[in-house]
Amino acid sequence: MNKFFKKGFKYVDLFAGIGGFHQAMKQLNGECVFASEIQQETAQTYFENYEISAFSDITKLGPEVIPEHDVLCAGFPCQSFSKAGFQKGFDDIRGTLYFDIVRILEHHVDSYGGPKYILLENVRNLVSHDQKRTWEKIRRSLIKLGYNVINTPLIVSPHYFGIPQLRERAVILGVKIDHFDRDIDINIEKKPKNSCDMNSIIVNKDTDEYKLDNFKINEYEEKVLTMWDDFIQILKINEKIGFPIWEVEFDKEYDISNMPNWKQNIIMKNRNFYKKYKDEIDLWRKQYDYLNWVKATHRKFEWQVNNKINSVFEGIIQFRPSGVRVKQPTEFPALVAIVHVPIIGKYRRYITPREAANLQSFPQNFKINKNVRLAYKQFGNAVNVDVIRTVFEKFVNFVEGDSMYA
């Protein structure tokens with residue numbers, strides 16, 4: 001452990017959530033001197049775990065109430081940069097919350113020189129958003145405050161480090177220019193996709209917290225998944241289908257020329273697919289009452305497994321607005337705040353909040369919100385503890401080890 005970590009350091013936890021940064025910094029001998037989180041239920045979970053009152057609106061905080069610190073951590077809101085949103089960036093009020101970080105930094109730079117290190121996290125799309133202008137705006141604002149900032153945010157995911165979750169995020173690293181004035185060149189070794197073991201996070205037994213039967217899929221969900229499993233078996237498909245299956249389009253012939261090109265492409269692939277497998281599909285449809293009982297969104301199917309599995313129930317499943325999605329049983333899809341909770345196919349149940357905590361590398365003694373829905377949401381909004389700890393440790397070791405000023 002280098003001297004920065006050995007002697008201990010003070011940090012602030014902005015947009016704190018349930019404390020992913022807190023857990024990571026604590027493991028590196030850091031002391032949290034201030035935290036801010038606007039969601040009351042989330043701030044309550046933070047308090048129950050760390051006995052720090054974080055409930056506050058950062059836009060109304062005077063920066064003078066924040067104590068001096070060595071590291072500023074912030075997982076600032078991502079919706080305005082995310083591909084899942086409208087990507088309005090700084091035109092979205094949530095995007096402008098970044099400038100509250102700048103406002104706080106400005107005060108502390110003027111007061112005592114500012115924190116030595118900056119550690120920020122956001123969605124991967126931040127890097128390319130608005131033809132990279134958003135990132136350049138962020139970078140220039142930090143440089144103006146006297147920080148040496150990484151040229152491009154690091155893209156990292158839990159699966160890079162052997163944690164079975166596909167969740168690529170952008171991490172922004174900065175250090176005071178008078179401490180380190182050379183390029184920040186950090187190499188993150190990563191494991192290849194589909195090389196993790198989902199069993200490393202599964203708790204397949206009843207615990208004091210959770211009875212597994214409470215997380216079983218319901219009768220309708222079981223029937224839908226069995227229906228799509230039979231679809232795979234009847235058609236003898238064991239390869240990746242490179243497009244979404246839209247069953248309602250199989251035998252249609254209406255004009256689609258006025259539709260967007262991407263939609264025309266999917267529809268035509270489905271119509272041609274039906275012609276290729278017409279006899280098998282007609283048999284399957286008849287077997288399931290022509291799917292009249294199935295919700296419209298569940299008549300769509302995404303089989304994203306290459307040839308690694310032969311059954312829906314061997315995969316990791318999600319019920320999504322885009323359809324029933326099946327992936328290989330190696331890494332879970334990203335936990336997100338708008339919850340599509342993953343299903344473990346072979347157990348026919350959703351993951352538990354404890355398993356969601358494992359996917360985000362929260363320790364066993366972490367006190368999970370007793371409201372299951374809120375617990376999923378809070379872990380979906382969190383940063384992965386191991387990812388943040390590993391990246392920051394590498395960053396500080398790089399700076400403190402190589403800096404002529406250390």
# chains A, B, ... in the order shown; residues from 1 in each chain; ligands from 1
>>> residues_around(residues="Pro67 in chain A", least_positions_apart="6", cutoff="9 Å", atoms="only C-alpha atoms", output="ChimeraX atom specification")
/A:12,33-34,108
>>> write_last_selection(atoms="N, CA and C atoms", output="short mmCIF file (atom, residue, chain, number, x, y, z; two decimals), in the first residue's frame")
data_model
loop_
_atom_site.label_atom_id
_atom_site.label_comp_id
_atom_site.auth_asym_id
_atom_site.auth_seq_id
_atom_site.Cartn_x
_atom_site.Cartn_y
_atom_site.Cartn_z
N VAL A 12 -15.16 13.07 -0.13
CA VAL A 12 -16.59 13.38 -0.11
C VAL A 12 -17.28 12.50 -1.14
N VAL A 33 -16.01 12.34 4.87
CA VAL A 33 -16.27 13.53 5.70
C VAL A 33 -17.54 14.24 5.28
N PHE A 34 -18.15 13.82 4.16
CA PHE A 34 -19.41 14.43 3.72
C PHE A 34 -20.02 13.55 2.63
N HIS A 108 -13.45 25.03 -3.23
CA HIS A 108 -12.38 24.38 -2.47
C HIS A 108 -11.00 24.65 -3.07
#
>>> residues_around(residues="range 14-28 of chain A", least_positions_apart="6", cutoff="9 Å", atoms="only C-alpha atoms", output="PyMOL selection string")
chain A and resi 1+5-6+8+34-39+42-47+49-50+54+58+72-77+101+360-363+378-379+381-390+392-393
>>> write_last_selection(atoms="C-alpha atoms", output="compact mmCIF listing (two decimals), in the first residue's frame")
# COMPACT_ATOMS: atom_id res chain seq x y z
CA MET A 1 0.00 0.00 0.00
CA PHE A 5 -3.45 5.08 1.31
CA LYS A 6 -1.30 4.14 4.30
CA GLY A 8 -5.36 7.66 5.24
CA PHE A 34 -19.41 14.43 3.72
CA ALA A 35 -22.08 12.70 1.62
CA SER A 36 -25.03 14.01 -0.39
CA GLU A 37 -27.98 12.02 -1.77
CA ILE A 38 -31.32 13.53 -2.82
CA GLN A 39 -33.47 10.36 -2.67
CA THR A 42 -31.65 5.86 -0.52
CA ALA A 43 -30.19 8.30 1.99
CA GLN A 44 -31.85 6.26 4.74
CA THR A 45 -30.10 3.11 3.49
CA TYR A 46 -26.84 5.09 3.45
CA PHE A 47 -27.39 6.20 7.05
CA ASN A 49 -24.94 1.44 6.87
CA TYR A 50 -22.56 4.31 7.61
CA ALA A 54 -26.57 12.21 3.46
CA ILE A 58 -26.77 19.30 -3.93
CA LEU A 72 -13.91 14.13 -4.55
CA CYS A 73 -16.07 11.15 -5.59
CA ALA A 74 -19.25 11.57 -7.61
CA GLY A 75 -21.44 9.28 -9.67
CA PHE A 76 -23.37 12.18 -11.17
CA PRO A 77 -26.75 11.48 -12.82
CA ILE A 101 -19.48 19.45 -8.92
CA GLN A 360 -22.31 -4.81 -7.33
CA SER A 361 -19.61 -6.20 -4.97
CA PHE A 362 -21.24 -4.95 -1.77
CA PRO A 363 -20.02 -6.85 1.30
CA GLN A 378 -30.76 1.14 -5.31
CA PHE A 379 -28.32 -1.52 -6.50
CA ASN A 381 -28.18 2.97 -9.40
CA ALA A 382 -25.00 2.04 -7.51
CA VAL A 383 -21.44 1.91 -8.75
CA ASN A 384 -19.68 -1.43 -8.54
CA VAL A 385 -17.46 -1.40 -5.46
CA ASP A 386 -14.67 -3.61 -6.79
CA VAL A 387 -14.48 -1.70 -10.08
CA ILE A 388 -14.15 1.68 -8.36
CA ARG A 389 -11.67 0.42 -5.78
CA THR A 390 -9.47 -1.28 -8.38
CA PHE A 392 -8.72 4.27 -8.05
CA GLU A 393 -6.00 2.13 -6.48
>>> closest_residue(among="A:Glu68, A:Ala170, A:Asp130, A:Phe398", to="Tyr112 in chain A", atoms="only C-alpha atoms")
A:Glu68
>>> atom_distance(atom1="CA of Lys223 in chain A", atom2="CA of Phe319 in chain A")
13.0 Å
>>> atom_distance(atom1="CA of Asn365 in chain A", atom2="CA of Arg167 in chain A")
23.6 Å
>>> select_by_dssp(residues="range 178-310 of chain A", states="helix (DSSP H, G or I)", output="ChimeraX atom specification")
/A:198-200,212-215,219-235,247-249,261-276,278-287,289-291,296-299
>>> select_by_dssp(residues="range 201-355 of chain A", states="strand (DSSP E or B)", output="list in words")
Lys216, Ile245, Trp246, Lys300, Phe301, Glu302, Trp303, Gln304, Ile316, Ile317, Gln318, Phe319, Arg320, Gly323, Val324, Arg325, Val326, Lys327, Phe332, Pro333, Ile343, Ile344, Arg349 and Tyr350 of chain A
>>> write_last_selection(atoms="N, CA and C atoms", output="PDB file, in the first residue's frame")
ATOM      1  N   LYS A 216     -39.744 -16.910  -7.158  1.00  0.00           N
ATOM      2  CA  LYS A 216     -40.073 -17.785  -8.280  1.00  0.00           C
ATOM      3  C   LYS A 216     -40.872 -17.030  -9.340  1.00  0.00           C
ATOM      4  N   ILE A 245     -36.959 -11.697 -32.776  1.00  0.00           N
ATOM      5  CA  ILE A 245     -38.105 -12.426 -33.318  1.00  0.00           C
ATOM      6  C   ILE A 245     -39.381 -11.665 -32.946  1.00  0.00           C
ATOM      7  N   TRP A 246     -40.131 -11.250 -33.968  1.00  0.00           N
ATOM      8  CA  TRP A 246     -41.422 -10.595 -33.764  1.00  0.00           C
ATOM      9  C   TRP A 246     -42.490 -11.517 -34.346  1.00  0.00           C
ATOM     10  N   LYS A 300     -42.436 -11.082 -28.535  1.00  0.00           N
ATOM     11  CA  LYS A 300     -41.118 -10.770 -29.099  1.00  0.00           C
ATOM     12  C   LYS A 300     -40.073 -11.563 -28.320  1.00  0.00           C
ATOM     13  N   PHE A 301     -39.003 -11.941 -29.005  1.00  0.00           N
ATOM     14  CA  PHE A 301     -38.044 -12.870 -28.419  1.00  0.00           C
ATOM     15  C   PHE A 301     -36.641 -12.543 -28.929  1.00  0.00           C
ATOM     16  N   GLU A 302     -35.680 -12.497 -28.006  1.00  0.00           N
ATOM     17  CA  GLU A 302     -34.281 -12.219 -28.359  1.00  0.00           C
ATOM     18  C   GLU A 302     -33.403 -13.363 -27.835  1.00  0.00           C
ATOM     19  N   TRP A 303     -32.909 -14.170 -28.746  1.00  0.00           N
ATOM     20  CA  TRP A 303     -32.108 -15.358 -28.410  1.00  0.00           C
ATOM     21  C   TRP A 303     -30.639 -15.025 -28.666  1.00  0.00           C
ATOM     22  N   GLN A 304     -29.950 -14.541 -27.621  1.00  0.00           N
ATOM     23  CA  GLN A 304     -28.600 -13.989 -27.777  1.00  0.00           C
ATOM     24  C   GLN A 304     -27.559 -14.904 -27.129  1.00  0.00           C
ATOM     25  N   ILE A 316     -29.765 -16.857 -18.882  1.00  0.00           N
ATOM     26  CA  ILE A 316     -30.185 -15.763 -18.012  1.00  0.00           C
ATOM     27  C   ILE A 316     -31.221 -14.974 -18.799  1.00  0.00           C
ATOM     28  N   ILE A 317     -32.370 -14.745 -18.191  1.00  0.00           N
ATOM     29  CA  ILE A 317     -33.549 -14.249 -18.904  1.00  0.00           C
ATOM     30  C   ILE A 317     -33.990 -12.908 -18.327  1.00  0.00           C
ATOM     31  N   GLN A 318     -34.523 -12.077 -19.215  1.00  0.00           N
ATOM     32  CA  GLN A 318     -35.192 -10.854 -18.779  1.00  0.00           C
ATOM     33  C   GLN A 318     -36.485 -10.672 -19.559  1.00  0.00           C
ATOM     34  N   PHE A 319     -37.542 -10.231 -18.862  1.00  0.00           N
ATOM     35  CA  PHE A 319     -38.745  -9.750 -19.519  1.00  0.00           C
ATOM     36  C   PHE A 319     -38.563  -8.249 -19.732  1.00  0.00           C
ATOM     37  N   ARG A 320     -38.410  -7.844 -20.980  1.00  0.00           N
ATOM     38  CA  ARG A 320     -38.112  -6.454 -21.309  1.00  0.00           C
ATOM     39  C   ARG A 320     -39.174  -5.893 -22.246  1.00  0.00           C
ATOM     40  N   GLY A 323     -38.984  -7.396 -25.532  1.00  0.00           N
ATOM     41  CA  GLY A 323     -39.283  -8.811 -25.661  1.00  0.00           C
ATOM     42  C   GLY A 323     -38.632  -9.645 -24.585  1.00  0.00           C
ATOM     43  N   VAL A 324     -38.789 -10.948 -24.691  1.00  0.00           N
ATOM     44  CA  VAL A 324     -38.146 -11.892 -23.772  1.00  0.00           C
ATOM     45  C   VAL A 324     -36.713 -12.105 -24.258  1.00  0.00           C
ATOM     46  N   ARG A 325     -35.756 -11.716 -23.441  1.00  0.00           N
ATOM     47  CA  ARG A 325     -34.346 -11.794 -23.843  1.00  0.00           C
ATOM     48  C   ARG A 325     -33.650 -12.926 -23.099  1.00  0.00           C
ATOM     49  N   VAL A 326     -32.875 -13.732 -23.827  1.00  0.00           N
ATOM     50  CA  VAL A 326     -32.116 -14.827 -23.236  1.00  0.00           C
ATOM     51  C   VAL A 326     -30.640 -14.639 -23.582  1.00  0.00           C
ATOM     52  N   LYS A 327     -29.788 -14.684 -22.552  1.00  0.00           N
ATOM     53  CA  LYS A 327     -28.342 -14.577 -22.733  1.00  0.00           C
ATOM     54  C   LYS A 327     -27.647 -15.797 -22.145  1.00  0.00           C
ATOM     55  N   PHE A 332     -24.434 -11.605 -16.046  1.00  0.00           N
ATOM     56  CA  PHE A 332     -25.765 -11.018 -15.977  1.00  0.00           C
ATOM     57  C   PHE A 332     -25.772  -9.699 -16.738  1.00  0.00           C
ATOM     58  N   PRO A 333     -26.927  -9.313 -17.305  1.00  0.00           N
ATOM     59  CA  PRO A 333     -27.018  -7.983 -17.913  1.00  0.00           C
ATOM     60  C   PRO A 333     -26.897  -6.914 -16.831  1.00  0.00           C
ATOM     61  N   ILE A 343     -33.590 -13.200 -14.490  1.00  0.00           N
ATOM     62  CA  ILE A 343     -34.104 -14.500 -14.052  1.00  0.00           C
ATOM     63  C   ILE A 343     -33.019 -15.543 -14.289  1.00  0.00           C
ATOM     64  N   ILE A 344     -32.762 -16.376 -13.282  1.00  0.00           N
ATOM     65  CA  ILE A 344     -31.833 -17.495 -13.442  1.00  0.00           C
ATOM     66  C   ILE A 344     -32.650 -18.661 -13.995  1.00  0.00           C
ATOM     67  N   ARG A 349     -36.292 -18.575 -11.225  1.00  0.00           N
ATOM     68  CA  ARG A 349     -36.559 -17.508 -10.247  1.00  0.00           C
ATOM     69  C   ARG A 349     -35.726 -16.277 -10.578  1.00  0.00           C
ATOM     70  N   TYR A 350     -36.217 -15.142 -10.050  1.00  0.00           N
ATOM     71  CA  TYR A 350     -35.469 -13.890 -10.164  1.00  0.00           C
ATOM     72  C   TYR A 350     -34.290 -13.897  -9.188  1.00  0.00           C
TER      73      TYR A 350
END
>>> residues_around(residues="range 257-265 of chain A", least_positions_apart="4", cutoff="12 Å", atoms="only C-alpha atoms", output="compact mmCIF listing (two decimals) with C-alpha atoms, in the first residue's frame")
# COMPACT_ATOMS: atom_id res chain seq x y z
CA GLY A 242 -29.08 -12.10 -35.21
CA PHE A 243 -32.35 -10.19 -35.05
CA PRO A 244 -35.35 -9.89 -32.68
CA ILE A 245 -38.11 -12.43 -33.32
CA TRP A 246 -41.42 -10.59 -33.76
CA GLU A 249 -44.98 -10.25 -38.21
CA GLU A 253 -47.84 -8.86 -45.98
CA LYS A 269 -36.08 -10.78 -41.59
CA ASN A 270 -39.04 -12.10 -39.58
CA ARG A 271 -41.17 -12.65 -42.66
CA ASN A 272 -38.35 -14.53 -44.41
>>> closest_residue(among="A:Arg140, A:Ile52, A:Leu173, A:Tyr220", to="Val71 in chain A", atoms="only C-alpha atoms")
A:Leu173
>>> residues_around(residues="Glu31 in chain A", least_positions_apart="5", cutoff="7 Å", atoms="only C-alpha atoms", output="ChimeraX atom specification")
/A:9-11,26
>>> closest_residue(among="A:Val339, A:Cys196, A:Val391, A:Val399", to="Arg373 in chain A", atoms="only C-alpha atoms")
A:Val339
>>> decode(residues="range 10-26 of chain A", atoms="N, CA and C atoms", output="compact mmCIF listing (two decimals), in the first residue's frame")
# COMPACT_ATOMS: atom_id res chain seq x y z
N LYS A 10 -9.14 11.78 3.27
CA LYS A 10 -10.52 12.20 3.45
C LYS A 10 -11.17 12.37 2.07
N TYR A 11 -12.42 11.95 1.99
CA TYR A 11 -13.11 12.07 0.71
C TYR A 11 -14.55 12.51 0.93
N VAL A 12 -15.16 13.07 -0.13
CA VAL A 12 -16.59 13.38 -0.11
C VAL A 12 -17.28 12.50 -1.14
N ASP A 13 -18.53 12.17 -0.87
CA ASP A 13 -19.30 11.21 -1.65
C ASP A 13 -20.55 11.94 -2.16
N LEU A 14 -20.46 12.52 -3.37
CA LEU A 14 -21.55 13.28 -3.94
C LEU A 14 -22.39 12.40 -4.86
N PHE A 15 -23.72 12.67 -4.89
CA PHE A 15 -24.65 11.78 -5.58
C PHE A 15 -24.38 10.37 -5.06
N ALA A 16 -24.46 10.22 -3.75
CA ALA A 16 -23.85 9.09 -3.04
C ALA A 16 -24.56 7.77 -3.24
N GLY A 17 -25.86 7.80 -3.57
CA GLY A 17 -26.58 6.54 -3.67
C GLY A 17 -26.52 5.78 -2.36
N ILE A 18 -26.27 4.48 -2.45
CA ILE A 18 -26.16 3.66 -1.24
C ILE A 18 -24.70 3.42 -0.84
N GLY A 19 -23.78 4.14 -1.51
CA GLY A 19 -22.41 4.12 -1.02
C GLY A 19 -21.45 3.18 -1.71
N GLY A 20 -21.57 3.03 -3.03
CA GLY A 20 -20.57 2.24 -3.74
C GLY A 20 -19.19 2.86 -3.63
N PHE A 21 -19.11 4.18 -3.80
CA PHE A 21 -17.84 4.87 -3.60
C PHE A 21 -17.38 4.73 -2.14
N HIS A 22 -18.33 4.84 -1.22
CA HIS A 22 -18.00 4.75 0.20
C HIS A 22 -17.33 3.41 0.52
N GLN A 23 -17.92 2.34 0.02
CA GLN A 23 -17.36 1.01 0.27
C GLN A 23 -15.95 0.90 -0.32
N ALA A 24 -15.77 1.41 -1.55
CA ALA A 24 -14.47 1.31 -2.21
C ALA A 24 -13.40 2.12 -1.48
N MET A 25 -13.76 3.35 -1.11
CA MET A 25 -12.78 4.22 -0.42
C MET A 25 -12.45 3.69 0.98
N LYS A 26 -13.45 3.14 1.65
CA LYS A 26 -13.22 2.56 2.97
C LYS A 26 -12.19 1.43 2.90
